[in-house]
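Asks: My structure is stored as my_file12.pdb, with PDB, C-alpha atoms.
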```pdb
ATOM      1  CA  MET A 216      63.046  40.459  27.114
ATOM      2  CA  LEU A 217      63.478  37.667  24.559
ATOM      3  CA  ARG A 218      64.036  34.047  25.375
ATOM      4  CA  LEU A 219      66.602  32.499  23.024
ATOM      5  CA  VAL A 220      66.858  28.743  22.460
ATOM      6  CA  PHE A 221      69.965  27.260  20.842
ATOM      7  CA  LEU A 222      69.520  23.771  19.434
ATOM      8  CA  GLY A 223      72.202  21.208  18.682
ATOM      9  CA  ARG A 224      75.793  22.386  18.391
ATOM     10  CA  LEU A 225      74.657  26.016  18.640
ATOM     11  CA  GLY A 226      74.101  25.408  22.350
ATOM     12  CA  ASP A 227      77.790  24.544  22.725
ATOM     13  CA  ILE A 228      78.794  27.745  20.912
ATOM     14  CA  ALA A 229      76.392  29.884  22.975
ATOM     15  CA  GLY A 230      77.604  28.222  26.184
ATOM     16  CA  ALA A 231      74.068  27.217  27.171
ATOM     17  CA  GLY A 232      70.904  25.986  25.521
ATOM     18  CA  GLU A 233      68.937  29.070  26.526
ATOM     19  CA  ARG A 234      69.514  32.722  27.279
ATOM     20  CA  THR A 235      67.457  35.835  27.968
ATOM     21  CA  VAL A 236      68.309  39.059  26.129
ATOM     22  CA  ALA A 237      66.820  42.499  25.474
ATOM     23  CA  ASP A 238      64.087  42.826  22.856
ATOM     24  CA  ALA A 239      65.192  43.365  19.247
ATOM     25  CA  PRO A 240      63.046  44.303  16.228
ATOM     26  CA  THR A 241      64.066  41.488  13.871
ATOM     27  CA  VAL A 242      65.949  38.207  13.926
ATOM     28  CA  ALA A 243      68.789  39.852  11.995
ATOM     29  CA  ALA A 244      69.035  42.692  14.527
ATOM     30  CA  LEU A 245      68.953  40.195  17.367
ATOM     31  CA  ILE A 246      71.834  38.216  15.844
ATOM     32  CA  GLY A 247      73.782  41.437  15.383
ATOM     33  CA  SER A 248      73.449  42.230  19.087
ATOM     34  CA  LEU A 249      75.158  38.986  20.177
ATOM     35  CA  GLU A 250      78.867  38.302  20.615
ATOM     36  CA  PRO A 251      80.699  38.010  17.242
ATOM     37  CA  GLY A 252      81.551  34.291  17.370
ATOM     38  CA  LEU A 253      77.987  33.309  18.187
ATOM     39  CA  ALA A 254      76.546  35.819  15.693
ATOM     40  CA  ALA A 255      78.699  34.308  12.925
ATOM     41  CA  ALA A 256      77.493  30.793  13.777
ATOM     42  CA  LEU A 257      73.852  31.933  13.814
ATOM     43  CA  ALA A 258      74.185  33.729  10.472
ATOM     44  CA  ASP A 259      75.261  30.487   8.739
ATOM     45  CA  PRO A 260      72.850  30.026   5.811
ATOM     46  CA  ARG A 261      72.046  26.490   6.984
ATOM     47  CA  VAL A 262      70.706  27.797  10.319
ATOM     48  CA  ARG A 263      66.944  28.284  10.422
ATOM     49  CA  TYR A 264      65.007  30.502  12.818
ATOM     50  CA  ALA A 265      61.711  30.114  14.643
ATOM     51  CA  VAL A 266      59.844  32.913  16.393
ATOM     52  CA  ASN A 267      57.229  31.746  18.877
ATOM     53  CA  GLY A 268      57.337  28.264  17.382
ATOM     54  CA  LEU A 269      56.997  29.242  13.710
ATOM     55  CA  VAL A 270      59.883  28.937  11.265
ATOM     56  CA  CYS A 271      60.606  32.335   9.731
ATOM     57  CA  ALA A 272      63.094  34.329   7.674
ATOM     58  CA  ARG A 273      66.039  36.289   9.003
ATOM     59  CA  GLY A 274      64.250  39.579   8.398
ATOM     60  CA  ALA A 275      61.179  38.500  10.349
ATOM     61  CA  ALA A 276      59.848  40.789  13.072
ATOM     62  CA  VAL A 277      60.331  39.657  16.649
ATOM     63  CA  PRO A 278      57.513  40.633  19.045
ATOM     64  CA  ALA A 279      58.504  41.780  22.532
ATOM     65  CA  GLY A 280      58.838  38.832  24.894
ATOM     66  CA  ALA A 281      59.063  36.273  22.075
ATOM     67  CA  GLU A 282      60.867  32.951  22.114
ATOM     68  CA  VAL A 283      63.416  32.816  19.311
ATOM     69  CA  ALA A 284      64.921  29.432  18.459
ATOM     70  CA  PHE A 285      68.052  28.860  16.387
ATOM     71  CA  LEU A 286      67.918  25.585  14.488
ATOM     72  CA  PRO A 287      71.086  24.171  12.922
ATOM     73  CA  ALA A 288      70.847  21.648  10.083
ATOM     74  CA  VAL A 289      69.260  18.493  11.435
ATOM     75  CA  SER A 290      71.385  15.381  11.818
ATOM     76  CA  GLY A 291      70.989  12.487   9.478
ATOM     77  CA  GLY A 292      71.268   8.843  10.250
TER      78      GLY A 292
ATOM     79  CA  MET B 215      42.460   6.158   9.034
ATOM     80  CA  VAL B 216      44.404   5.999  12.287
ATOM     81  CA  LEU B 217      47.350   8.394  12.681
ATOM     82  CA  ASP B 218      49.299   7.605  15.858
ATOM     83  CA  ILE B 219      52.367   9.831  16.113
ATOM     84  CA  ARG B 220      54.403  10.140  19.282
ATOM     85  CA  LEU B 221      57.688  11.355  20.724
ATOM     86  CA  THR B 222      58.834   9.568  23.833
ATOM     87  CA  ALA B 223      61.618  10.358  26.288
ATOM     88  CA  THR B 224      61.564   6.841  27.713
ATOM     89  CA  ALA B 225      62.329   3.427  26.246
ATOM     90  CA  PHE B 226      59.624   1.747  24.179
ATOM     91  CA  ASP B 227      59.038  -1.808  23.023
ATOM     92  CA  PRO B 228      58.584  -1.913  19.223
ATOM     93  CA  GLY B 229      57.006  -5.364  19.344
ATOM     94  CA  HIS B 230      54.411  -4.233  21.837
ATOM     95  CA  GLU B 231      53.658  -1.036  19.875
ATOM     96  CA  LEU B 232      53.372  -2.904  16.574
ATOM     97  CA  GLY B 233      51.094  -5.483  18.174
ATOM     98  CA  ALA B 234      48.787  -2.764  19.464
ATOM     99  CA  PHE B 235      48.748  -1.061  16.054
ATOM    100  CA  MET B 236      47.894  -4.359  14.347
ATOM    101  CA  ALA B 237      45.112  -5.006  16.847
ATOM    102  CA  VAL B 238      43.540  -1.623  16.052
ATOM    103  CA  GLN B 239      43.770  -2.394  12.319
ATOM    104  CA  SER B 240      42.230  -5.807  12.875
ATOM    105  CA  ASP B 241      39.345  -4.330  14.875
ATOM    106  CA  ALA B 242      38.762  -1.842  12.054
ATOM    107  CA  GLY B 243      38.266  -4.645   9.554
ATOM    108  CA  GLY B 244      41.833  -5.547   8.705
ATOM    109  CA  ALA B 245      44.446  -3.912   6.507
ATOM    110  CA  GLY B 246      45.589  -5.989   3.565
ATOM    111  CA  GLY B 247      49.192  -5.213   4.426
ATOM    112  CA  ILE B 248      51.204  -3.722   7.267
ATOM    113  CA  VAL B 249      54.864  -2.756   6.792
ATOM    114  CA  SER B 250      57.005  -1.751   9.738
ATOM    115  CA  PHE B 251      60.526  -0.449  10.185
ATOM    116  CA  THR B 252      62.417  -0.338  13.473
ATOM    117  CA  GLY B 253      65.639   1.642  13.754
ATOM    118  CA  GLY B 254      68.063   1.199  16.613
ATOM    119  CA  VAL B 255      71.330   2.602  17.925
ATOM    120  CA  ARG B 256      74.261   0.933  16.169
ATOM    121  CA  ALA B 257      77.234  -0.150  18.270
ATOM    122  CA  ASP B 258      79.562   1.237  15.560
ATOM    123  CA  HIS B 259      83.016   2.693  16.195
ATOM    124  CA  GLY B 260      82.833   2.546  19.974
ATOM    125  CA  VAL B 261      79.625   4.544  20.383
ATOM    126  CA  GLU B 262      78.673   4.512  24.064
ATOM    127  CA  ALA B 263      75.540   6.641  23.888
ATOM    128  CA  LEU B 264      73.384   8.589  21.436
ATOM    129  CA  GLU B 265      71.400  11.640  22.488
ATOM    130  CA  LEU B 266      68.490  13.069  20.509
ATOM    131  CA  THR B 267      67.353  16.611  21.223
ATOM    132  CA  HIS B 268      64.060  18.008  20.014
ATOM    133  CA  TYR B 269      62.360  21.416  20.064
ATOM    134  CA  ALA B 270      58.833  20.942  21.350
ATOM    135  CA  PRO B 271      57.105  23.725  19.368
ATOM    136  CA  LEU B 272      58.304  22.222  16.077
ATOM    137  CA  THR B 273      59.280  18.583  16.350
ATOM    138  CA  LEU B 274      56.023  16.770  17.046
ATOM    139  CA  PRO B 275      53.936  19.150  14.893
ATOM    140  CA  GLY B 276      56.398  18.513  12.048
ATOM    141  CA  MET B 277      56.064  14.743  12.483
ATOM    142  CA  GLU B 278      52.280  15.096  12.465
ATOM    143  CA  ALA B 279      52.459  17.076   9.227
ATOM    144  CA  LEU B 280      54.695  14.360   7.765
ATOM    145  CA  GLY B 281      52.155  11.701   8.717
ATOM    146  CA  ALA B 282      49.368  13.740   7.141
ATOM    147  CA  GLU B 283      51.436  14.114   3.956
ATOM    148  CA  ALA B 284      52.001  10.349   3.771
ATOM    149  CA  ALA B 285      48.266   9.844   4.216
ATOM    150  CA  THR B 286      47.515  12.111   1.260
ATOM    151  CA  ARG B 287      50.031  10.341  -0.995
ATOM    152  CA  TRP B 288      48.933   6.771  -0.269
ATOM    153  CA  ALA B 289      45.606   5.239   0.646
ATOM    154  CA  LEU B 290      46.480   4.189   4.184
ATOM    155  CA  SER B 291      44.249   2.799   6.879
ATOM    156  CA  GLY B 292      46.831   3.599   9.554
ATOM    157  CA  LEU B 293      50.231   5.121  10.187
ATOM    158  CA  LEU B 294      52.234   4.738  13.388
ATOM    159  CA  ILE B 295      55.345   6.734  14.264
ATOM    160  CA  VAL B 296      57.052   6.337  17.629
ATOM    161  CA  HIS B 297      60.322   8.272  17.981
ATOM    162  CA  ARG B 298      62.671   8.391  20.942
ATOM    163  CA  VAL B 299      64.350  11.491  22.296
ATOM    164  CA  GLY B 300      66.815  11.692  25.164
ATOM    165  CA  GLU B 301      69.861   9.528  25.831
ATOM    166  CA  LEU B 302      69.978   6.070  24.282
ATOM    167  CA  ARG B 303      72.393   3.145  24.424
ATOM    168  CA  PRO B 304      73.568   0.826  21.643
ATOM    169  CA  GLY B 305      70.798  -1.642  20.869
ATOM    170  CA  ASP B 306      68.005   0.682  22.034
ATOM    171  CA  PRO B 307      65.186   1.256  19.554
ATOM    172  CA  ILE B 308      65.113   4.845  18.223
ATOM    173  CA  VAL B 309      62.172   4.790  15.872
ATOM    174  CA  LEU B 310      59.277   2.611  14.803
ATOM    175  CA  VAL B 311      57.224   3.336  11.701
ATOM    176  CA  ALA B 312      54.325   1.147  10.623
ATOM    177  CA  ALA B 313      52.040   1.762   7.658
ATOM    178  CA  ALA B 314      48.827  -0.138   7.028
ATOM    179  CA  ALA B 315      47.072  -0.207   3.671
ATOM    180  CA  ARG B 316      44.791  -2.333   1.561
ATOM    181  CA  HIS B 317      47.701  -3.402  -0.648
ATOM    182  CA  ARG B 318      51.363  -3.944   0.157
ATOM    183  CA  ARG B 319      52.869  -1.427  -2.291
ATOM    184  CA  ALA B 320      51.276   1.547  -0.577
ATOM    185  CA  ALA B 321      52.341   0.249   2.830
ATOM    186  CA  PHE B 322      55.966  -0.282   1.750
ATOM    187  CA  GLU B 323      56.202   3.090   0.039
ATOM    188  CA  ALA B 324      54.532   5.058   2.831
ATOM    189  CA  ALA B 325      56.850   3.513   5.446
ATOM    190  CA  ASP B 326      59.905   4.248   3.272
ATOM    191  CA  PHE B 327      58.782   7.851   2.619
ATOM    192  CA  THR B 328      58.120   8.439   6.302
ATOM    193  CA  MET B 329      61.506   7.074   7.358
ATOM    194  CA  ASP B 330      63.431   9.096   4.758
ATOM    195  CA  HIS B 331      61.771  12.276   6.006
ATOM    196  CA  LEU B 332      62.180  11.447   9.685
ATOM    197  CA  LYS B 333      65.893  10.877   9.143
ATOM    198  CA  SER B 334      66.559  13.951   7.037
ATOM    199  CA  ALA B 335      63.919  16.544   7.746
ATOM    200  CA  ALA B 336      62.531  16.038  11.254
ATOM    201  CA  TRP B 337      63.533  18.637  13.844
ATOM    202  CA  LEU B 338      65.870  16.335  15.763
ATOM    203  CA  TRP B 339      69.516  16.854  16.594
ATOM    204  CA  LYS B 340      71.788  13.932  17.431
ATOM    205  CA  ARG B 341      75.089  13.635  19.166
ATOM    206  CA  GLU B 342      77.054  10.556  20.069
ATOM    207  CA  ARG B 343      79.513   9.816  22.839
ATOM    208  CA  VAL B 344      82.699   7.981  21.908
ATOM    209  CA  GLY B 345      85.499   7.558  24.435
ATOM    210  CA  GLY B 346      83.671   9.852  26.846
ATOM    211  CA  VAL B 347      83.529  12.723  24.309
ATOM    212  CA  TRP B 348      80.250  14.009  22.844
ATOM    213  CA  ARG B 349      80.231  14.847  19.120
ATOM    214  CA  TRP B 350      77.350  16.320  17.098
ATOM    215  CA  ILE B 351      76.286  14.294  14.077
ATOM    216  CA  GLU B 352      76.193  16.432  10.941
ATOM    217  CA  PRO B 353      73.873  15.941   7.958
ATOM    218  CA  ARG B 354      75.038  13.482   5.317
ATOM    219  CA  ASP B 355      74.735  13.983   1.545
ATOM    220  CA  ALA B 356      72.959  10.620   1.407
ATOM    221  CA  ASP B 357      70.103  12.082   3.474
ATOM    222  CA  HIS B 358      69.416  14.697   0.810
ATOM    223  CA  ALA B 359      69.568  12.035  -1.907
ATOM    224  CA  ASP B 360      67.051   9.993   0.102
ATOM    225  CA  LEU B 361      64.673  12.969   0.216
ATOM    226  CA  ALA B 362      65.102  13.738  -3.470
ATOM    227  CA  ARG B 363      63.588  10.323  -4.274
ATOM    228  CA  TRP B 364      60.226  11.708  -3.168
ATOM    229  CA  ALA B 365      60.300  15.155  -4.820
ATOM    230  CA  ARG B 366      57.391  15.937  -7.076
TER     231      ARG B 366
END
```
Hey, can you dump this file as structure tokens for me?
Replies:
Amino acid sequence: MLRLVFLGRLGDIAGAGERTVADAPTVAALIGSLEPGLAAALADPRVRYAVNGLVCARGAAVPAGAEVAFLPAVSGG
Amino acid sequence: MVLDIRLTATAFDPGHELGAFMAVQSDAGGAGGIVSFTGGVRADHGVEALELTHYAPLTLPGMEALGAEAATRWALSGLLIVHRVGELRPGDPIVLVAAAARHRRAAFEAADFTMDHLKSAAWLWKRERVGGVWRWIEPRDADHADLARWAR
């Protein structure tokens, strides 16, 4: 199982700040397995991804049991 | 070189923190100049509260990398960053940056650089409550312009 973390406004869209889902091979595949509205928000080019605490690309591999964080653009002042 | 970089979920006293930082610099032989910046929650447009969210695996490590970058760009004898997370009220301090150097120019520039990056590039998400309704604060174009000042 993967632990997903949704930061900022993505938590509102996901309905919670965290969620547990089945393993997926890549970040892109993981996004594709989620409900369409959330998947569209996560695929926004301004959203960054982190797997086990390291920022990575959309095509990055996701190890079984990983924590995957979705990071929207950070707020300014 | 003293790098003191912290995230705190509880209120802090910028005067106390700056005093402690200055005491450490004094004990180490004295910086020629110390520049500090304190940012607080504005009471603009009916803001009742401001909440800052962080992501532990990235936020503090990113701030530490920022401090290390500032220390490579300027000859500093110390850099202090204290940043709040959690729910704040108008008037509460959000951030304190202090840079100590032999000469003032390096201290001013390092503090300015650090603040521009904290505001625009640190892994922090902010929302504000106005009239009982929470609203996420989106990035501003000015933030990117602030960062571009330091590109090289």
Asks: List, as a PyMOL selection string, every residue that the ChimeraX specification (/B :<10) & /A selects in the file provided.
Replies: chain A and resi 220-224+227+265+267-270+284+286-292
Asks: Those same residues - C-alpha atoms - I'd like them written as a PDB file, in the coordinates of the input.
Replies:
```
ATOM      1  CA  VAL A 220      66.858  28.743  22.460  1.00  0.00           C
ATOM      2  CA  PHE A 221      69.965  27.260  20.842  1.00  0.00           C
ATOM      3  CA  LEU A 222      69.520  23.771  19.434  1.00  0.00           C
ATOM      4  CA  GLY A 223      72.202  21.208  18.682  1.00  0.00           C
ATOM      5  CA  ARG A 224      75.793  22.386  18.391  1.00  0.00           C
ATOM      6  CA  ASP A 227      77.790  24.544  22.725  1.00  0.00           C
ATOM      7  CA  ALA A 265      61.711  30.114  14.643  1.00  0.00           C
ATOM      8  CA  ASN A 267      57.229  31.746  18.877  1.00  0.00           C
ATOM      9  CA  GLY A 268      57.337  28.264  17.382  1.00  0.00           C
ATOM     10  CA  LEU A 269      56.997  29.242  13.710  1.00  0.00           C
ATOM     11  CA  VAL A 270      59.883  28.937  11.265  1.00  0.00           C
ATOM     12  CA  ALA A 284      64.921  29.432  18.459  1.00  0.00           C
ATOM     13  CA  LEU A 286      67.918  25.585  14.488  1.00  0.00           C
ATOM     14  CA  PRO A 287      71.086  24.171  12.922  1.00  0.00           C
ATOM     15  CA  ALA A 288      70.847  21.648  10.083  1.00  0.00           C
ATOM     16  CA  VAL A 289      69.260  18.493  11.435  1.00  0.00           C
ATOM     17  CA  SER A 290      71.385  15.381  11.818  1.00  0.00           C
ATOM     18  CA  GLY A 291      70.989  12.487   9.478  1.00  0.00           C
ATOM     19  CA  GLY A 292      71.268   8.843  10.250  1.00  0.00           C
TER      20      GLY A 292
END
```
Asks: Write out as a PyMOL selection string which residues come within 8 Å of Pro228 of chain B when counting only C-alpha atoms, dropping same-chain ones fewer than 6 positions away.
Replies: chain B and resi 252+307+310
Asks: Name the residues that the PyMOL selection byres ((chain B and resi 288) around 9) pulls out of this structure, and write them as a short mmCIF file (atom, residue, chain, number, x, y, z; two decimals) with C-alpha atoms, in the frame of the given file.
Replies:
```cif
data_model
loop_
_atom_site.label_atom_id
_atom_site.label_comp_id
_atom_site.auth_asym_id
_atom_site.auth_seq_id
_atom_site.Cartn_x
_atom_site.Cartn_y
_atom_site.Cartn_z
CA GLU B 283 51.44 14.11 3.96
CA ALA B 284 52.00 10.35 3.77
CA ALA B 285 48.27 9.84 4.22
CA THR B 286 47.52 12.11 1.26
CA ARG B 287 50.03 10.34 -1.00
CA ALA B 289 45.61 5.24 0.65
CA LEU B 290 46.48 4.19 4.18
CA ALA B 315 47.07 -0.21 3.67
CA ALA B 320 51.28 1.55 -0.58
CA ALA B 321 52.34 0.25 2.83
CA GLU B 323 56.20 3.09 0.04
CA ALA B 324 54.53 5.06 2.83
#
```
Asks: Determine the residue set returned by the PyMOL selection byres ((chain A and resi 243) around 8) for the present structure, and present it as a list of chain:residue names.
Replies: A:Thr241, A:Val242, A:Ala244, A:Leu245, A:Ile246, A:Gly247, A:Arg273, A:Gly274, A:Ala275
Asks: I'd like the interatomic distance between atom CA of Arg318 of chain B and atom CA of Glu278 of chain B, to a tenth of an Å.
Replies: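 For atom CA of Arg318 of chain B relative to atom CA of Glu278 of chain B, the distance reads 22.7 Å.
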